[in-house]
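Below is upload-v2.cif, holding mmCIF, C-alpha atoms.
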```cif
data_query
#
loop_
_atom_site.label_atom_id
_atom_site.label_comp_id
_atom_site.auth_asym_id
_atom_site.auth_seq_id
_atom_site.Cartn_x
_atom_site.Cartn_y
_atom_site.Cartn_z
CA MET Y 29 -66.48 13.91 -53.01
CA SER Y 30 -63.38 13.90 -50.87
CA ALA Y 31 -59.84 13.09 -51.93
CA LEU Y 32 -59.00 11.80 -48.46
CA ASP Y 33 -61.01 11.01 -45.35
CA ASP Y 34 -61.21 13.81 -42.82
CA GLY Y 35 -60.06 11.70 -39.87
CA PHE Y 36 -56.68 10.71 -38.52
CA GLY Y 37 -55.88 8.56 -41.58
CA GLY Y 38 -56.24 11.47 -43.96
CA TYR Y 39 -53.99 13.71 -41.89
CA LEU Y 40 -51.44 10.93 -41.46
CA SER Y 41 -51.36 10.47 -45.25
CA LEU Y 42 -50.82 14.20 -45.76
CA PHE Y 43 -48.14 14.23 -43.08
CA LEU Y 44 -46.19 11.39 -44.69
CA ALA Y 45 -46.62 12.28 -48.37
CA GLY Y 46 -46.54 16.03 -47.88
CA ILE Y 47 -44.86 17.32 -44.75
CA LEU Y 48 -42.26 14.61 -44.15
CA ALA Y 49 -41.45 14.28 -47.86
CA THR Y 50 -40.74 18.03 -47.93
CA GLU Y 51 -39.17 18.66 -44.53
CA VAL Y 52 -36.57 15.90 -44.88
CA TRP Y 53 -34.65 17.96 -47.45
CA ARG Y 54 -34.53 20.97 -45.14
CA TRP Y 55 -33.19 18.80 -42.31
CA LEU Y 56 -30.61 17.30 -44.63
CA GLY Y 57 -29.63 20.76 -45.84
CA LEU Y 58 -29.16 21.88 -42.23
CA VAL Y 59 -26.98 18.86 -41.40
CA VAL Y 60 -24.92 19.09 -44.54
CA GLY Y 61 -24.59 22.86 -44.14
CA ASN Y 62 -21.43 24.18 -45.62
CA ARG Y 63 -19.83 20.73 -45.67
CA LEU Y 64 -21.25 20.09 -49.12
CA ASP Y 65 -20.03 21.78 -52.26
CA VAL Y 66 -23.11 23.54 -53.60
CA ALA Y 67 -21.42 23.98 -56.96
CA GLY Y 68 -20.50 20.29 -57.13
CA ALA Y 69 -21.89 18.02 -59.85
CA PRO Y 70 -24.35 15.98 -57.71
CA LEU Y 71 -26.19 19.00 -56.27
CA GLN Y 72 -26.15 20.72 -59.64
CA TRP Y 73 -27.83 17.71 -61.20
CA VAL Y 74 -30.40 17.60 -58.39
CA ARG Y 75 -31.04 21.28 -58.90
CA ALA Y 76 -31.58 20.76 -62.63
CA VAL Y 77 -34.00 17.87 -62.03
CA ALA Y 78 -35.98 19.89 -59.50
CA THR Y 79 -36.10 22.92 -61.80
CA ALA Y 80 -37.35 20.86 -64.76
CA LEU Y 81 -39.94 19.19 -62.53
CA VAL Y 82 -41.38 22.48 -61.29
CA ALA Y 83 -41.33 23.91 -64.82
CA GLY Y 84 -43.18 20.78 -65.93
CA LEU Y 85 -45.73 21.21 -63.17
CA VAL Y 86 -46.29 24.81 -64.26
CA THR Y 87 -46.85 23.84 -67.89
CA ARG Y 88 -49.21 21.05 -66.90
CA MET Y 89 -51.23 23.47 -64.74
CA VAL Y 90 -51.64 25.84 -67.68
CA ILE Y 91 -52.26 23.32 -70.48
CA PHE Y 92 -54.23 20.70 -68.50
CA PRO Y 93 -55.72 22.78 -65.67
CA ALA Y 94 -58.20 21.82 -62.97
CA GLY Y 95 -61.19 23.77 -61.67
CA ALA Y 96 -62.34 27.12 -62.99
CA LEU Y 97 -59.30 27.55 -65.24
CA ALA Y 98 -60.43 24.55 -67.33
CA ASN Y 99 -63.36 26.59 -68.70
CA VAL Y 100 -61.02 29.15 -70.23
CA PRO Y 101 -59.91 28.35 -73.82
CA LEU Y 102 -56.34 27.05 -74.12
CA ALA Y 103 -55.24 29.93 -76.36
CA VAL Y 104 -56.40 32.51 -73.78
CA ARG Y 105 -54.58 30.68 -70.96
CA LEU Y 106 -51.38 30.55 -72.97
CA VAL Y 107 -51.57 34.22 -74.03
CA ALA Y 108 -52.24 35.40 -70.45
CA PHE Y 109 -49.43 33.21 -69.12
CA ALA Y 110 -46.94 34.41 -71.74
CA GLY Y 111 -48.16 37.98 -71.20
CA GLY Y 112 -47.41 37.71 -67.48
CA ILE Y 113 -43.87 36.54 -68.20
CA ALA Y 114 -43.40 39.34 -70.74
CA LEU Y 115 -44.64 41.93 -68.22
CA TYR Y 116 -42.21 40.57 -65.63
CA PHE Y 117 -39.29 41.32 -67.96
CA ALA Y 118 -40.78 44.56 -69.26
CA CYS Y 119 -41.06 45.86 -65.66
CA ARG Y 120 -37.41 45.08 -64.89
CA ARG Y 121 -37.97 41.62 -63.45
CA ASN Y 122 -40.85 42.67 -61.21
CA LEU Y 123 -42.58 39.59 -59.77
CA ALA Y 124 -45.76 41.45 -58.77
CA ALA Y 125 -46.15 42.98 -62.24
CA GLY Y 126 -45.83 39.55 -63.84
CA VAL Y 127 -48.28 37.75 -61.57
CA ALA Y 128 -50.88 40.55 -61.41
CA GLY Y 129 -50.46 41.33 -65.11
CA GLY Y 130 -51.04 37.73 -66.19
CA ALA Y 131 -54.08 37.39 -63.93
CA GLY Y 132 -55.40 40.73 -65.21
CA LEU Y 133 -54.92 39.69 -68.84
CA LEU Y 134 -56.89 36.50 -68.23
CA MET Y 135 -59.79 38.42 -66.68
CA ALA Y 136 -59.76 41.04 -69.46
CA ALA Y 137 -59.73 38.40 -72.18
CA GLN Y 138 -62.67 36.58 -70.61
CA LEU Y 139 -64.66 39.82 -70.30
CA VAL Y 140 -63.99 40.73 -73.93
CA MET Y 141 -65.03 37.30 -75.18
CA ARG Y 142 -68.36 37.21 -73.36
CA MET F 4 -29.60 69.26 -19.19
CA VAL F 5 -26.14 69.93 -17.92
CA ASP F 6 -26.13 67.13 -15.34
CA ASN F 7 -26.50 64.50 -17.99
CA GLU F 8 -23.09 65.24 -19.39
CA ASN F 9 -21.50 63.16 -16.63
CA GLU F 10 -23.77 60.19 -17.10
CA PRO F 11 -22.40 57.25 -19.04
CA ARG F 12 -23.54 57.28 -22.66
CA LEU F 13 -25.65 54.47 -23.94
CA PRO F 14 -23.57 51.76 -25.57
CA SER F 15 -23.50 52.22 -29.33
CA THR F 16 -25.04 48.77 -29.78
CA PRO F 17 -28.28 48.00 -27.94
CA LEU F 18 -28.54 45.15 -25.46
CA PRO F 19 -28.32 41.76 -27.21
CA GLN F 20 -31.79 40.66 -26.13
CA ASP F 21 -33.37 43.87 -27.39
CA SER F 22 -31.60 43.79 -30.71
CA GLN F 23 -32.58 40.17 -31.30
CA TRP F 24 -36.24 41.06 -30.84
CA ALA F 25 -35.74 44.10 -33.06
CA ALA F 26 -34.25 41.83 -35.75
CA PHE F 27 -37.22 39.48 -35.35
CA ALA F 28 -39.62 42.40 -35.73
CA ALA F 29 -37.72 43.64 -38.79
CA GLY F 30 -38.07 40.19 -40.32
CA LEU F 31 -41.74 40.06 -39.44
CA SER F 32 -42.28 43.31 -41.34
CA LEU F 33 -41.77 41.30 -44.54
CA ILE F 34 -45.50 40.56 -44.12
CA ALA F 35 -46.20 44.03 -45.56
CA SER F 36 -44.21 43.77 -48.78
CA VAL F 37 -44.69 43.05 -52.44
CA PRO F 38 -43.34 39.44 -52.28
CA SER F 39 -45.73 38.82 -49.41
CA LEU F 40 -48.71 40.08 -51.46
CA VAL F 41 -47.71 37.91 -54.40
CA LEU F 42 -47.48 34.94 -52.07
CA PHE F 43 -50.92 35.77 -50.66
CA ALA F 44 -52.43 35.77 -54.14
CA THR F 45 -50.72 32.47 -54.89
CA ALA F 46 -51.99 31.01 -51.61
CA LEU F 47 -55.52 32.05 -52.63
CA GLY F 48 -55.01 29.89 -55.70
CA PHE F 49 -53.80 26.98 -53.58
CA GLY F 50 -56.80 27.25 -51.25
CA ALA F 51 -59.10 27.24 -54.28
CA LEU F 52 -57.26 24.28 -55.81
CA ALA F 53 -57.45 22.29 -52.56
CA ARG F 54 -61.21 22.82 -52.36
CA ASP F 55 -61.68 21.91 -56.03
CA GLY F 56 -59.67 18.76 -55.34
CA GLY F 57 -61.99 17.68 -52.55
CA PHE F 58 -59.81 18.49 -49.55
CA THR F 59 -61.21 19.87 -46.28
CA LEU F 60 -60.37 23.33 -44.96
CA GLY F 61 -58.42 21.76 -42.08
CA GLN F 62 -56.37 19.64 -44.48
CA ALA F 63 -55.54 22.65 -46.66
CA ALA F 64 -54.44 24.66 -43.59
CA PHE F 65 -52.47 21.66 -42.27
CA LEU F 66 -50.52 21.50 -45.54
CA SER F 67 -49.80 25.24 -45.63
CA VAL F 68 -48.46 25.30 -42.06
CA GLY F 69 -46.69 21.94 -42.20
CA MET F 70 -45.18 22.08 -45.69
CA PHE F 71 -44.60 25.83 -46.20
CA ALA F 72 -43.73 25.24 -49.86
CA LEU F 73 -46.50 26.13 -52.31
CA PRO F 74 -45.19 24.26 -55.38
CA ASN F 75 -44.96 21.06 -53.33
CA GLN F 76 -48.41 21.62 -51.84
CA VAL F 77 -49.81 22.04 -55.34
CA VAL F 78 -48.06 18.87 -56.52
CA LEU F 79 -49.50 16.89 -53.60
CA VAL F 80 -53.05 18.21 -53.97
CA ASP F 81 -52.91 17.83 -57.75
CA GLN F 82 -51.62 14.25 -57.61
CA LEU F 83 -54.13 13.10 -54.97
CA ALA F 84 -57.03 14.84 -56.71
CA ARG F 85 -56.10 12.91 -59.87
CA HIS F 86 -56.32 9.73 -57.73
CA GLU F 87 -52.65 8.87 -57.92
CA THR F 88 -51.44 6.49 -55.20
CA LEU F 89 -50.04 7.98 -52.00
CA ALA F 90 -46.60 6.57 -52.82
CA ALA F 91 -46.56 8.18 -56.28
CA ALA F 92 -47.70 11.48 -54.76
CA ALA F 93 -45.04 11.31 -52.03
CA LEU F 94 -42.35 10.59 -54.63
CA ALA F 95 -43.41 13.56 -56.77
CA VAL F 96 -43.53 15.81 -53.69
CA THR F 97 -40.13 14.76 -52.43
CA LEU F 98 -38.56 15.19 -55.87
CA THR F 99 -40.05 18.68 -56.07
CA ALA F 100 -38.76 19.36 -52.55
CA VAL F 101 -35.17 18.44 -53.43
CA ARG F 102 -34.70 22.05 -54.54
CA LEU F 103 -35.04 22.99 -50.84
CA LEU F 104 -31.76 21.17 -50.12
CA PRO F 105 -29.41 23.55 -51.96
CA MET F 106 -31.52 26.47 -50.70
CA THR F 107 -31.08 25.33 -47.09
CA VAL F 108 -27.42 24.51 -47.62
CA THR F 109 -26.75 28.08 -48.70
CA LEU F 110 -28.70 29.69 -45.83
CA ALA F 111 -27.85 27.32 -42.95
CA PRO F 112 -24.33 28.70 -42.31
CA LEU F 113 -25.87 32.16 -41.82
CA PHE F 114 -28.14 30.94 -39.01
CA ARG F 115 -25.19 30.04 -36.78
CA GLY F 116 -24.40 32.97 -34.48
CA MET F 117 -22.06 32.95 -31.49
CA ARG F 118 -23.46 29.62 -30.33
CA ALA F 119 -25.45 26.78 -31.85
CA ARG F 120 -29.21 26.82 -31.27
CA PRO F 121 -30.30 23.52 -32.85
CA LEU F 122 -34.04 23.83 -32.16
CA LEU F 123 -34.34 27.38 -33.44
CA GLU F 124 -32.13 26.57 -36.43
CA THR F 125 -34.39 23.62 -37.29
CA LEU F 126 -37.43 25.89 -37.01
CA ALA F 127 -35.67 28.46 -39.18
CA ALA F 128 -34.97 25.77 -41.79
CA HIS F 129 -38.70 24.99 -41.90
CA PHE F 130 -39.27 28.58 -43.01
CA ILE F 131 -37.05 28.20 -46.06
CA ALA F 132 -39.09 28.39 -49.25
CA ILE F 133 -38.79 30.45 -52.39
CA THR F 134 -40.04 33.80 -50.99
CA THR F 135 -38.11 33.73 -47.71
CA TRP F 136 -35.04 32.32 -49.43
CA ILE F 137 -34.87 35.18 -51.91
CA GLU F 138 -35.37 37.77 -49.15
CA SER F 139 -33.01 36.22 -46.56
CA ASN F 140 -30.33 35.66 -49.18
CA ARG F 141 -30.51 39.38 -49.81
CA ARG F 142 -30.83 40.64 -46.22
CA LEU F 143 -29.00 38.27 -43.83
CA PRO F 144 -25.37 38.77 -44.93
CA ALA F 145 -25.63 42.49 -44.06
CA LEU F 146 -26.72 41.74 -40.46
CA ALA F 147 -24.58 40.91 -37.43
CA PRO F 148 -24.26 37.10 -37.14
CA ASP F 149 -26.36 36.94 -33.96
CA LEU F 150 -29.22 38.84 -35.59
CA ARG F 151 -29.59 36.65 -38.68
CA LEU F 152 -31.49 33.78 -37.06
CA PRO F 153 -34.11 36.00 -35.36
CA HIS F 154 -34.52 38.02 -38.56
CA HIS F 155 -35.13 34.91 -40.64
CA LEU F 156 -37.53 33.52 -38.02
CA GLY F 157 -39.48 36.78 -38.18
CA SER F 158 -39.65 36.68 -42.00
CA GLY F 159 -40.64 33.02 -41.89
CA ILE F 160 -43.44 33.48 -39.38
CA GLY F 161 -44.73 36.56 -41.24
CA ILE F 162 -44.78 34.77 -44.58
CA ALA F 163 -46.28 31.65 -42.98
CA LEU F 164 -49.14 33.76 -41.62
CA MET F 165 -49.77 35.21 -45.08
CA LEU F 166 -49.65 31.72 -46.58
CA LEU F 167 -52.17 30.42 -44.04
CA LEU F 168 -54.43 33.45 -44.43
CA GLY F 169 -54.36 33.20 -48.23
CA THR F 170 -55.14 29.48 -48.08
CA LEU F 171 -58.14 30.00 -45.79
CA VAL F 172 -59.51 32.95 -47.77
CA GLY F 173 -58.97 31.18 -51.13
CA TYR F 174 -60.73 28.09 -49.81
CA ALA F 175 -63.66 30.11 -48.46
CA LEU F 176 -64.05 32.16 -51.64
CA VAL F 177 -64.39 29.24 -54.07
CA GLY F 178 -67.90 29.17 -55.44
CA ARG F 179 -68.60 32.70 -54.24
CA LEU F 180 -66.36 34.39 -56.79
CA PRO F 181 -67.28 35.07 -60.39
CA THR F 182 -65.67 32.32 -62.49
CA ILE F 183 -63.59 34.97 -64.26
CA VAL F 184 -61.89 35.92 -61.00
CA ALA F 185 -61.59 32.31 -59.84
CA ALA F 186 -59.82 31.35 -63.07
CA ALA F 187 -57.43 34.30 -62.72
CA LEU F 188 -56.59 33.26 -59.14
CA LEU F 189 -55.73 29.77 -60.33
CA LEU F 190 -53.37 31.26 -62.92
CA THR F 191 -51.35 33.05 -60.21
CA ASN F 192 -49.89 29.72 -59.05
CA PRO F 193 -48.10 28.70 -62.26
CA LEU F 194 -47.12 32.31 -62.99
CA TYR F 195 -45.51 32.84 -59.59
CA PHE F 196 -43.68 29.51 -59.80
CA ILE F 197 -42.25 30.07 -63.26
CA LEU F 198 -41.21 33.64 -62.42
CA SER F 199 -39.60 32.42 -59.17
CA LEU F 200 -37.65 29.86 -61.19
CA VAL F 201 -36.59 32.56 -63.64
CA ALA F 202 -35.70 34.93 -60.78
CA THR F 203 -33.44 32.40 -59.05
CA SER F 204 -31.83 30.94 -62.19
CA ARG F 205 -28.20 31.89 -62.51
CA LEU F 206 -26.70 29.35 -64.89
CA ARG F 207 -27.38 28.33 -68.48
CA MET F 208 -28.29 24.98 -66.99
CA ASP F 209 -31.17 26.52 -65.00
CA VAL F 210 -32.63 28.15 -68.10
CA ALA F 211 -32.22 24.92 -70.06
CA ALA F 212 -33.96 22.98 -67.28
CA ILE F 213 -36.90 25.40 -67.32
CA ALA F 214 -37.21 25.12 -71.11
CA ALA F 215 -36.87 21.32 -71.10
CA GLY F 216 -39.48 21.01 -68.35
CA CYS F 217 -41.97 23.23 -70.19
CA ILE F 218 -41.56 21.30 -73.46
CA LEU F 219 -41.46 17.76 -72.05
CA ALA F 220 -44.29 17.96 -69.48
CA PRO F 221 -47.28 18.23 -71.85
CA LEU F 222 -45.86 15.53 -74.16
CA LEU F 223 -45.14 13.13 -71.29
CA TYR F 224 -48.53 13.88 -69.71
CA LEU F 225 -50.16 12.51 -72.86
CA VAL F 226 -47.77 9.55 -73.18
CA ALA F 227 -47.36 8.53 -69.53
CA PRO F 228 -49.87 10.20 -67.22
CA GLY F 229 -48.96 9.57 -63.58
CA PHE F 230 -45.25 9.42 -64.30
CA ASP F 231 -45.16 12.61 -66.33
CA LEU F 232 -43.75 14.91 -63.64
CA LEU F 233 -41.09 12.45 -62.50
CA ALA F 234 -40.08 11.68 -66.07
CA THR F 235 -40.06 15.38 -66.96
CA GLY F 236 -37.76 16.16 -64.04
CA LEU F 237 -35.39 13.27 -64.62
CA ILE F 238 -35.16 13.51 -68.42
CA GLY F 239 -35.32 17.29 -68.72
CA GLY F 240 -33.09 17.91 -65.72
CA THR F 241 -30.45 15.41 -66.83
CA LEU F 242 -30.40 16.84 -70.36
CA ALA F 243 -30.06 20.38 -68.98
CA PHE F 244 -27.34 19.26 -66.58
CA LEU F 245 -25.32 17.54 -69.32
CA TRP F 246 -25.73 20.52 -71.63
CA GLY F 247 -25.05 23.15 -68.98
CA TRP F 248 -22.25 21.23 -67.30
CA GLU F 249 -20.18 21.01 -70.49
CA ARG F 250 -20.35 24.73 -70.96
CA THR F 251 -19.48 25.92 -67.46
#
```

Could you quickly redo this structure as structure tokens?
Amino acid sequence: MSALDDGFGGYLSLFLAGILATEVWRWLGLVVGNRLDVAGAPLQWVRAVATALVAGLVTRMVIFPAGALANVPLAVRLVAFAGGIALYFACRRNLAAGVAGGAGLLMAAQLVMR
Amino acid sequence: MVDNENEPRLPSTPLPQDSQWAAFAAGLSLIASVPSLVLFATALGFGALARDGGFTLGQAAFLSVGMFALPNQVVLVDQLARHETLAAAALAVTLTAVRLLPMTVTLAPLFRGMRARPLLETLAAHFIAITTWIESNRRLPALAPDLRLPHHLGSGIGIALMLLLGTLVGYALVGRLPTIVAAALLLTNPLYFILSLVATSRLRMDVAAIAAGCILAPLLYLVAPGFDLLATGLIGGTLAFLWGWERT
């Protein structure tokens, strides 16, 4: 089963909905440059919306996952996820410790439960 | 040797062309760093997700090179795999990508050296995403103005190579990995994203937006699937903005 056809149409769809939809904000940022007040209300609101959206995406990926993660019980996913965040702070805001720690916790929990 | 005493000494700063390449190489060395490894692991997860979602290897690679923004790539693949319309997917992607605007706005002035180089600056802007933004924010201000653009281009190309490599390897490994490992790889995506958000949050508003997003998303997913991410961003972000704005 394919989400999109493999020909020109599929790539055009990905270009429009993915690449153009993303790149346009970089171009705008380049044009606006230092002419826009980054601390101003409009950009701050935009920043808050984007932050909440990504946080929402993250939660959705953990609670309603796709693929192999769906076979792991919800409680295990949540514990491993929270454990990764805790490790990040415990290791003085170390990104690698958080990501590797969370992934390690998930593997350990699955091994123990087998 | 004694004769050399009369020879002119080398200028204390190397030739401009040389130092620009040196700055590029210094940026490229970001490929061998902890953030780069974390990104690689996250890209493995994206490659796996793309294959699970029914995308071809070429399409997954196309997205990694063309978008260079893993959260957006995940949104796009996730939306299309759930059979959302292309318009709904594009809207979700572009809303997620809005965060690149303030990131670019803060870095763009640093790209400008002695003269404007529009093409290279546009290319440099393409290489703005969470990993390179954090690193360039930290490194560029300490460099001479003319060296910032090549340094960022080096970092960008290095990280882009890691992103592409991770995508390809993750895609190829799906089905060949024990499910325990595959599941752990998929967890690296949300973990890296949430930690990146935490790492770049400076205001109360940012923290409030993260909390609001985490709480609202699962509820809205059950109530209004398809619109859940947009609604989460708009409602949660606006609430966080109003709350944070009053306090600052």

Skipping near chain neighbours, those fewer than 6 positions away, what residues fall within 10 Å of stretch 69-71 of chain F using all atoms listed in the file, listed as a list in words?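 In the requested form, the answer reads Leu42, Phe43, Gly46, Ile47, Leu48, Ala49, Thr50 and Glu51 of chain Y; Ala63, Ala100, His129, Phe130, Ile131, Ala132, Ile133, Gly159, Ile162, Ala163, Leu166 and Leu167 of chain F.
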
Can you pull out every residue within 7 Å of stretch 76-82 of chain Y, counting only C-alpha atoms, but drop anything in the same chain fewer than 5 positions away, and send it as a VMD selection string? chain F and resid 98 to 99 101 to 102 208 to 209 212 to 213 215 to 216 232 to 233 235 to 237 239 to 241 243 to 244

One decimal, in Å: what's the spacing between atom CA of Y:Val74 and atom CA of Y:Trp55? 16.4 Å

Given the choices F:Pro193, F:Gly30, F:Pro153, F:Gly229, which gets closest to chain Y if the distance is worked out from all atoms listed in the file?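 For chain Y, the nearest of the given residues is F:Pro193.
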
Once the PyMOL selection byres ((chain Y and resi 58) around 9) has been evaluated on this model, what residues remain selected, and can you format them as number ranges by chain? Y: 53-57, 59-62; F: 104, 107-108, 110-112, 124-125, 128

Which is closest to Y:Gly126 among F:Val201, F:Ala51, F:Leu171, F:Met165, if we use all atoms listed in the file?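 Closest residue, counting all atoms listed in the file: F:Val201.
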
Quote the spacing between atom CA of F:Thr191 and atom CA of Y:Ala131 in Å to one decimal place. 6.3 Å

Closest of Y:Gly38, Y:Leu97, Y:Ala69, Y:Val107 to chain F - atom-to-atom distances counting all atoms listed in the file: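 Nearest candidate to chain F out of Y:Gly38, Y:Leu97, Y:Ala69, Y:Val107: Y:Leu97.
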
Pull out every residue that the PyMOL selection byres ((chain F and resi 41) around 9) matches in the shown coordinates and put them as a list of chain:residue names.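 This file gives the following for the PyMOL selection byres ((chain F and resi 41) around 9): Y:Leu123, Y:Ala124, Y:Val127, Y:Ala128, F:Ser36, F:Val37, F:Pro38, F:Ser39, F:Leu40, F:Leu42, F:Phe43, F:Ala44, F:Thr45, F:Ala46, F:Thr191, F:Tyr195.
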
Atoms kept (N, CA and C atoms) for stretch 125-136 of chain Y, as a short mmCIF file (atom, residue, chain, number, x, y, z; two decimals), in the first residue's frame:
```
data_model
loop_
_atom_site.label_atom_id
_atom_site.label_comp_id
_atom_site.auth_asym_id
_atom_site.auth_seq_id
_atom_site.Cartn_x
_atom_site.Cartn_y
_atom_site.Cartn_z
N ALA Y 125 21.54 12.33 26.50
CA ALA Y 125 21.15 11.49 27.63
C ALA Y 125 19.64 11.28 27.65
N GLY Y 126 18.90 12.32 27.34
CA GLY Y 126 17.44 12.21 27.34
C GLY Y 126 16.93 11.29 26.26
N VAL Y 127 17.44 11.48 25.04
CA VAL Y 127 16.95 10.69 23.90
C VAL Y 127 17.38 9.22 24.05
N ALA Y 128 18.68 9.01 24.31
CA ALA Y 128 19.18 7.64 24.44
C ALA Y 128 18.58 6.96 25.67
N GLY Y 129 18.45 7.71 26.75
CA GLY Y 129 17.90 7.15 27.99
C GLY Y 129 16.46 6.70 27.80
N GLY Y 130 15.65 7.52 27.16
CA GLY Y 130 14.24 7.16 26.93
C GLY Y 130 14.13 5.93 26.05
N ALA Y 131 14.93 5.91 24.97
CA ALA Y 131 14.91 4.76 24.06
C ALA Y 131 15.39 3.50 24.80
N GLY Y 132 16.42 3.66 25.64
CA GLY Y 132 16.94 2.53 26.41
C GLY Y 132 15.91 2.00 27.40
N LEU Y 133 15.20 2.92 28.06
CA LEU Y 133 14.16 2.52 29.02
C LEU Y 133 13.07 1.70 28.32
N LEU Y 134 12.70 2.15 27.12
CA LEU Y 134 11.64 1.43 26.38
C LEU Y 134 12.09 0.02 26.03
N MET Y 135 13.35 -0.12 25.61
CA MET Y 135 13.86 -1.46 25.26
C MET Y 135 13.94 -2.33 26.51
N ALA Y 136 14.44 -1.75 27.61
CA ALA Y 136 14.57 -2.52 28.86
C ALA Y 136 13.21 -2.99 29.34
#
```
